[in-house]
$ cat run32.cif   # mmCIF, C-alpha atoms
data_query
loop_
_atom_site.group_PDB
_atom_site.id
_atom_site.type_symbol
_atom_site.label_atom_id
_atom_site.label_comp_id
_atom_site.auth_asym_id
_atom_site.auth_seq_id
_atom_site.Cartn_x
_atom_site.Cartn_y
_atom_site.Cartn_z
ATOM 1 C CA MET A 837 13.990 -40.750 13.988
ATOM 2 C CA ARG A 838 16.193 -38.878 11.540
ATOM 3 C CA ALA A 839 19.916 -39.202 11.046
ATOM 4 C CA LYS A 840 22.055 -36.722 12.957
ATOM 5 C CA ASP A 841 23.452 -34.995 9.829
ATOM 6 C CA SER A 842 20.232 -34.928 7.763
ATOM 7 C CA GLN A 843 18.374 -31.716 6.911
ATOM 8 C CA LEU A 844 14.690 -30.974 6.720
ATOM 9 C CA THR A 845 13.628 -28.996 3.638
ATOM 10 C CA VAL A 846 10.414 -26.968 3.472
ATOM 11 C CA ASN A 847 9.013 -25.797 0.101
ATOM 12 C CA VAL A 848 6.806 -22.712 0.370
ATOM 13 C CA PRO A 849 4.761 -21.409 -2.604
ATOM 14 C CA ALA A 850 4.477 -17.838 -1.248
ATOM 15 C CA LEU A 851 5.825 -15.606 1.505
ATOM 16 C CA LEU A 852 4.187 -12.719 3.312
ATOM 17 C CA ALA A 853 6.605 -9.797 3.663
ATOM 18 C CA ASN A 854 6.415 -6.204 4.836
ATOM 19 C CA TYR A 855 8.659 -3.165 4.902
ATOM 20 C CA GLN A 856 8.385 -1.466 8.282
ATOM 21 C CA LYS A 857 9.328 2.058 7.240
ATOM 22 C CA SER A 858 7.999 5.059 5.363
ATOM 23 C CA VAL A 859 8.308 4.531 1.599
ATOM 24 C CA ASP A 860 6.777 7.635 -0.018
ATOM 25 C CA ASN A 861 5.109 10.994 0.607
ATOM 26 C CA ILE A 862 2.262 12.232 -1.566
ATOM 27 C CA LYS A 863 0.917 15.767 -1.745
ATOM 28 C CA ILE A 864 -2.779 15.702 -2.596
ATOM 29 C CA ASP A 865 -4.804 18.698 -3.741
ATOM 30 C CA ILE A 866 -8.406 17.808 -2.906
ATOM 31 C CA PRO A 867 -10.892 19.326 -5.356
ATOM 32 C CA LYS A 868 -13.682 21.494 -3.933
ATOM 33 C CA ASP A 869 -16.165 19.155 -5.632
ATOM 34 C CA GLY A 870 -16.065 16.242 -8.040
ATOM 35 C CA GLU A 871 -13.107 14.121 -9.038
ATOM 36 C CA LYS A 872 -9.574 14.977 -10.111
ATOM 37 C CA ILE A 873 -7.474 12.522 -12.162
ATOM 38 C CA LEU A 874 -3.906 12.325 -10.802
ATOM 39 C CA ASN A 875 -2.087 9.265 -12.233
ATOM 40 C CA GLN A 876 0.716 9.779 -9.695
ATOM 41 C CA ASN A 877 3.279 6.965 -9.290
ATOM 42 C CA VAL A 878 3.874 5.594 -5.794
ATOM 43 C CA ASP A 879 6.976 3.510 -5.031
ATOM 44 C CA LEU A 880 6.198 0.923 -2.358
ATOM 45 C CA PHE A 881 9.722 -0.562 -2.212
ATOM 46 C CA ALA A 882 9.039 -4.087 -3.591
ATOM 47 C CA GLN A 883 6.220 -3.107 -5.958
ATOM 48 C CA LYS A 884 4.654 0.001 -7.461
ATOM 49 C CA ALA A 885 1.189 1.581 -7.424
ATOM 50 C CA VAL A 886 -0.517 4.532 -9.106
ATOM 51 C CA LEU A 887 -2.720 7.042 -7.298
ATOM 52 C CA LYS A 888 -5.373 7.271 -10.021
ATOM 53 C CA SER A 889 -7.717 9.914 -8.605
ATOM 54 C CA VAL A 890 -9.015 11.924 -5.675
ATOM 55 C CA GLN A 891 -12.726 12.589 -5.294
ATOM 56 C CA ARG A 892 -14.422 14.997 -2.886
ATOM 57 C CA LEU A 893 -17.278 13.113 -1.205
ATOM 58 C CA SER A 894 -18.453 15.871 1.159
ATOM 59 C CA PRO A 895 -17.069 19.077 2.724
ATOM 60 C CA THR A 896 -15.201 16.873 5.224
ATOM 61 C CA SER A 897 -14.307 13.721 3.256
ATOM 62 C CA ALA A 898 -12.567 12.486 0.120
ATOM 63 C CA LYS A 899 -11.757 9.195 -1.579
ATOM 64 C CA LEU A 900 -8.440 8.150 -3.143
ATOM 65 C CA ALA A 901 -8.338 5.389 -5.779
ATOM 66 C CA PHE A 902 -5.101 3.422 -6.272
ATOM 67 C CA GLN A 903 -4.185 0.908 -8.949
ATOM 68 C CA LEU A 904 -1.870 -1.640 -7.333
ATOM 69 C CA ASN A 905 0.864 -3.911 -8.691
ATOM 70 C CA THR A 906 1.950 -1.726 -11.589
ATOM 71 C CA GLY A 907 5.654 -2.618 -11.325
ATOM 72 C CA THR A 908 7.494 -5.137 -13.473
ATOM 73 C CA ASP A 909 7.701 -7.964 -10.882
ATOM 74 C CA LYS A 910 4.457 -9.889 -11.380
ATOM 75 C CA ASN A 911 5.370 -12.302 -8.545
ATOM 76 C CA VAL A 912 4.931 -9.579 -5.899
ATOM 77 C CA GLN A 913 1.443 -8.323 -4.982
ATOM 78 C CA ILE A 914 0.636 -5.445 -2.626
ATOM 79 C CA ILE A 915 -1.964 -6.448 -0.058
ATOM 80 C CA SER A 916 -1.887 -3.354 2.164
ATOM 81 C CA PHE A 917 -0.072 -0.208 3.239
ATOM 82 C CA GLN A 918 -0.633 2.535 5.792
ATOM 83 C CA ALA A 919 -1.415 6.162 5.023
ATOM 84 C CA ASP A 920 -1.015 8.894 7.652
ATOM 85 C CA SER A 921 -1.360 12.667 7.684
ATOM 86 C CA LYS A 922 -1.507 15.341 10.355
ATOM 87 C CA ASP A 923 -4.347 17.046 8.409
ATOM 88 C CA ILE A 924 -6.613 13.984 8.427
ATOM 89 C CA LYS A 925 -8.786 12.913 11.373
ATOM 90 C CA LYS A 926 -9.580 9.403 10.124
ATOM 91 C CA ILE A 927 -8.263 7.193 7.329
ATOM 92 C CA SER A 928 -9.896 3.932 6.270
ATOM 93 C CA SER A 929 -8.814 1.669 3.447
ATOM 94 C CA GLU A 930 -10.047 -1.269 1.403
ATOM 95 C CA PHE A 931 -7.676 -3.415 -0.660
ATOM 96 C CA LYS A 932 -9.171 -5.758 -3.252
ATOM 97 C CA GLY A 933 -7.129 -7.374 -6.024
ATOM 98 C CA ASP A 934 -5.267 -4.712 -7.980
ATOM 99 C CA MET A 935 -7.258 -1.794 -6.547
ATOM 100 C CA ALA A 936 -7.290 0.073 -3.237
ATOM 101 C CA VAL A 937 -9.666 2.775 -2.030
ATOM 102 C CA ILE A 938 -8.686 5.043 0.851
ATOM 103 C CA THR A 939 -11.293 7.298 2.451
ATOM 104 C CA LEU A 940 -10.154 10.433 4.270
ATOM 105 C CA LYS A 941 -12.153 12.298 6.934
ATOM 106 C CA PHE A 942 -10.997 15.787 7.881
ATOM 107 C CA ASN A 943 -12.088 19.186 9.205
ATOM 108 C CA LYS A 944 -13.748 21.679 6.874
ATOM 109 C CA ASN A 945 -11.464 23.885 4.802
ATOM 110 C CA VAL A 946 -8.888 21.137 4.178
ATOM 111 C CA ASN A 947 -7.998 21.328 0.492
ATOM 112 C CA THR A 948 -4.463 19.918 0.570
ATOM 113 C CA SER A 949 -2.918 17.042 2.472
ATOM 114 C CA ASN A 950 0.491 15.417 2.635
ATOM 115 C CA LEU A 951 0.114 11.652 3.026
ATOM 116 C CA GLU A 952 2.947 9.536 4.327
ATOM 117 C CA ILE A 953 2.803 6.016 2.871
ATOM 118 C CA SER A 954 4.407 3.357 5.070
ATOM 119 C CA TRP A 955 4.428 -0.303 6.101
ATOM 120 C CA PRO A 956 3.594 -1.861 2.724
ATOM 121 C CA GLU A 957 2.757 -5.551 2.930
ATOM 122 C CA PHE A 958 3.259 -7.983 0.058
ATOM 123 C CA VAL A 959 2.633 -11.554 -1.021
ATOM 124 C CA MET A 960 5.789 -12.791 -2.746
ATOM 125 C CA ASN A 961 5.003 -15.790 -4.953
ATOM 126 C CA GLY A 962 7.702 -18.282 -5.878
ATOM 127 C CA ASN A 963 9.070 -21.659 -5.067
ATOM 128 C CA TRP A 964 10.864 -20.822 -1.848
ATOM 129 C CA THR A 965 13.036 -23.570 -0.378
ATOM 130 C CA ILE A 966 14.020 -23.325 3.263
ATOM 131 C CA ASN A 967 16.593 -25.710 4.682
ATOM 132 C CA LEU A 968 16.100 -26.443 8.371
ATOM 133 C CA LYS A 969 18.825 -28.049 10.453
#
$ encode --input "run32.cif" --output "structure tokens"
Amino acid sequence: MRAKDSQLTVNVPALLANYQKSVDNIKIDIPKDGEKILNQNVDLFAQKAVLKSVQRLSPTSAKLAFQLNTGTDKNVQIISFQADSKDIKKISSEFKGDMAVITLKFNKNVNTSNLEISWPEFVMNGNWTINLK
């Protein structure tokens, strides 16, 4: 039994956080074939990323390569975000370490797309202390 006025303290080494809004819009010119280097900065609110390249995989698909965690706060790591576009039929993504690959499936004759980046999710490392009453 604890005393009536005592507090319980919880120490947490990391927190999982997300931002439930749109954070950036990216216009992508998809090459007719091959790969195009972009090096376009993407602001994900608590951390930054770079859209490194876009590569045409087939007449109806392309792959985007992102370098993650390029901002100055090394205690915050991106673990996911959503990408949406009215031009794209299907979007799949794979996040691994400091890299992310997003595959786009679309109708023929799509050469440009505007991607809305939203709902970034982060691991925020630190020594978080939470006082519970």
$ closest_residue --input "run32.cif" --among "A:Lys932, A:Lys944, A:Lys899, A:Lys910" --to "A:Ile864" --atoms "all atoms listed in the file"
A:Lys899
$ resolve_selection --input "run32.cif" --expression "the PyMOL selection byres ((chain A and resi 872) around 8)" --output "list in words"
Ile866, Pro867, Gly870, Glu871, Ile873, Leu874, Ser889, Val890 and Gln891 of chain A
$ atom_distance --input "run32.cif" --atom1 "atom CA of A:Glu957" --atom2 "atom CA of A:Thr896"
28.8 Å
$ atom_distance --input "run32.cif" --atom1 "atom CA of A:Ile914" --atom2 "atom CA of A:Leu940"
20.4 Å
$ resolve_selection --input "run32.cif" --expression "the PyMOL selection byres ((chain A and resi 861) around 6)" --output "VMD selection string"
chain A and resid 860 862 951 to 953
$ resolve_selection --input "run32.cif" --expression "the PyMOL selection byres ((chain A and resi 854) around 7)" --output "tab-separated table (two decimals) with C-alpha atoms, in the frame of the given file"
chain	number	residue	atom	x	y	z
A	853	ALA	CA	6.60	-9.80	3.66
A	855	TYR	CA	8.66	-3.16	4.90
A	856	GLN	CA	8.38	-1.47	8.28
A	955	TRP	CA	4.43	-0.30	6.10
A	956	PRO	CA	3.59	-1.86	2.72
A	957	GLU	CA	2.76	-5.55	2.93
A	958	PHE	CA	3.26	-7.98	0.06
$ closest_atom_pairs --input "run32.cif" --of "stretch 838-944 of chain A" --to "stretch 964-967 of chain A" --cutoff "6 Å" --atoms "only C-alpha atoms" --output "CSV"
residue,atom,partner,partner_atom,distance
A:Leu844,CA,A:Asn967,CA,6.0
A:Thr845,CA,A:Asn967,CA,4.5
A:Val846,CA,A:Ile966,CA,5.1
A:Asn847,CA,A:Thr965,CA,4.6
A:Val848,CA,A:Trp964,CA,5.0
$ write_last_selection --input "run32.cif" --atoms "C-alpha atoms" --output "mmCIF file, keeping the file's coordinate frame"
data_model
loop_
_atom_site.group_PDB
_atom_site.id
_atom_site.type_symbol
_atom_site.label_atom_id
_atom_site.label_comp_id
_atom_site.auth_asym_id
_atom_site.auth_seq_id
_atom_site.Cartn_x
_atom_site.Cartn_y
_atom_site.Cartn_z
ATOM 1 C CA LEU A 844 14.690 -30.974 6.720
ATOM 2 C CA THR A 845 13.628 -28.996 3.638
ATOM 3 C CA VAL A 846 10.414 -26.968 3.472
ATOM 4 C CA ASN A 847 9.013 -25.797 0.101
ATOM 5 C CA VAL A 848 6.806 -22.712 0.370
#
$ atom_distance --input "run32.cif" --atom1 "atom CA of A:Ile927" --atom2 "atom CA of A:Pro895"
15.5 Å
$ axis_aligned_box --input "run32.cif" --around "stretch 913-927 of chain A" --padding-each-side "5 Å" --output "AutoDock Vina command-line options"
--center_x -4.1 --center_y 4.4 --center_z 3.2 --size_x 21.0 --size_y 35.4 --size_z 26.4
$ closest_residue --input "run32.cif" --among "A:Asn877, A:Asn963, A:Ser921, A:Gln883" --to "A:Ser949" --atoms "all atoms listed in the file"
A:Ser921
$ closest_residue --input "run32.cif" --among "A:Ala898, A:Ala850, A:Ile915, A:Ala885" --to "A:Thr939" --atoms "only C-alpha atoms"
A:Ala898
$ decode --input "run32.cif" --residues "stretch 897-922 of chain A" --atoms "N, CA, C and O atoms" --output "CSV table (one decimal), in the first residue's frame"
chain,number,residue,atom,x,y,z
A,897,SER,N,4.3,1.4,-63.5
A,897,SER,CA,4.8,1.4,-62.1
A,897,SER,C,6.1,2.2,-62.0
A,897,SER,O,6.9,2.3,-63.0
A,898,ALA,N,6.4,2.6,-60.8
A,898,ALA,CA,7.6,3.4,-60.5
A,898,ALA,C,8.0,3.1,-59.1
A,898,ALA,O,7.2,2.7,-58.2
A,899,LYS,N,9.3,3.4,-58.8
A,899,LYS,CA,9.8,3.2,-57.4
A,899,LYS,C,10.4,4.5,-56.9
A,899,LYS,O,11.2,5.1,-57.7
A,900,LEU,N,10.1,5.0,-55.7
A,900,LEU,CA,10.7,6.1,-55.1
A,900,LEU,C,11.6,5.7,-54.0
A,900,LEU,O,11.3,4.8,-53.2
A,901,ALA,N,12.8,6.2,-53.9
A,901,ALA,CA,13.8,5.9,-52.9
A,901,ALA,C,14.0,7.1,-52.0
A,901,ALA,O,14.3,8.2,-52.5
A,902,PHE,N,13.8,6.9,-50.7
A,902,PHE,CA,13.9,8.0,-49.7
A,902,PHE,C,15.1,7.7,-48.7
A,902,PHE,O,15.2,6.6,-48.3
A,903,GLN,N,15.9,8.7,-48.4
A,903,GLN,CA,16.8,8.6,-47.3
A,903,GLN,C,16.1,9.3,-46.1
A,903,GLN,O,15.7,10.4,-46.2
A,904,LEU,N,16.0,8.6,-45.0
A,904,LEU,CA,15.3,9.0,-43.8
A,904,LEU,C,16.2,9.6,-42.8
A,904,LEU,O,17.5,9.4,-42.9
A,905,ASN,N,15.7,10.4,-41.9
A,905,ASN,CA,16.4,10.9,-40.7
A,905,ASN,C,17.6,11.7,-41.1
A,905,ASN,O,18.7,11.6,-40.6
A,906,THR,N,17.4,12.7,-41.9
A,906,THR,CA,18.4,13.6,-42.4
A,906,THR,C,18.4,14.9,-41.6
A,906,THR,O,19.3,15.8,-41.9
A,907,GLY,N,17.5,15.1,-40.7
A,907,GLY,CA,17.5,16.3,-39.9
A,907,GLY,C,18.6,16.3,-38.8
A,907,GLY,O,19.3,15.4,-38.6
A,908,THR,N,18.6,17.4,-38.0
A,908,THR,CA,19.6,17.5,-37.0
A,908,THR,C,19.4,16.8,-35.7
A,908,THR,O,20.3,16.5,-35.0
A,909,ASP,N,18.1,16.4,-35.4
A,909,ASP,CA,17.8,15.8,-34.2
A,909,ASP,C,18.0,14.3,-34.3
A,909,ASP,O,17.1,13.6,-34.9
A,910,LYS,N,19.1,13.8,-33.9
A,910,LYS,CA,19.4,12.3,-34.0
A,910,LYS,C,18.7,11.5,-33.0
A,910,LYS,O,18.8,10.2,-33.1
A,911,ASN,N,17.9,12.0,-32.1
A,911,ASN,CA,17.1,11.3,-31.2
A,911,ASN,C,15.7,10.9,-31.7
A,911,ASN,O,14.9,10.3,-31.1
A,912,VAL,N,15.4,11.4,-33.0
A,912,VAL,CA,14.1,11.2,-33.6
A,912,VAL,C,14.3,10.4,-34.9
A,912,VAL,O,15.0,10.9,-35.7
A,913,GLN,N,13.7,9.2,-35.0
A,913,GLN,CA,13.7,8.4,-36.2
A,913,GLN,C,12.4,8.2,-36.8
A,913,GLN,O,11.4,7.9,-36.1
A,914,ILE,N,12.3,8.4,-38.1
A,914,ILE,CA,11.1,8.2,-38.9
A,914,ILE,C,10.9,6.7,-39.0
A,914,ILE,O,11.9,6.0,-39.4
A,915,ILE,N,9.7,6.2,-38.7
A,915,ILE,CA,9.5,4.7,-38.9
A,915,ILE,C,8.4,4.5,-40.0
A,915,ILE,O,8.3,3.4,-40.5
A,916,SER,N,7.6,5.5,-40.3
A,916,SER,CA,6.7,5.4,-41.4
A,916,SER,C,6.0,6.7,-41.8
A,916,SER,O,6.1,7.7,-41.0
A,917,PHE,N,5.4,6.8,-42.9
A,917,PHE,CA,4.5,7.9,-43.3
A,917,PHE,C,3.7,7.4,-44.4
A,917,PHE,O,3.9,6.4,-45.0
A,918,GLN,N,2.6,8.1,-44.7
A,918,GLN,CA,1.6,7.7,-45.7
A,918,GLN,C,1.9,8.6,-46.9
A,918,GLN,O,2.3,9.8,-46.8
A,919,ALA,N,1.7,8.1,-48.1
A,919,ALA,CA,1.8,8.8,-49.4
A,919,ALA,C,0.5,8.5,-50.1
A,919,ALA,O,0.1,7.4,-50.3
A,920,ASP,N,-0.2,9.6,-50.6
A,920,ASP,CA,-1.4,9.4,-51.4
A,920,ASP,C,-1.4,10.3,-52.6
A,920,ASP,O,-0.8,11.4,-52.6
A,921,SER,N,-2.1,9.9,-53.6
A,921,SER,CA,-2.2,10.7,-54.9
A,921,SER,C,-3.4,10.2,-55.6
A,921,SER,O,-3.7,9.0,-55.7
A,922,LYS,N,-4.1,11.2,-56.2
A,922,LYS,CA,-5.3,10.8,-57.0
A,922,LYS,C,-4.9,10.1,-58.4
A,922,LYS,O,-5.7,9.5,-58.9
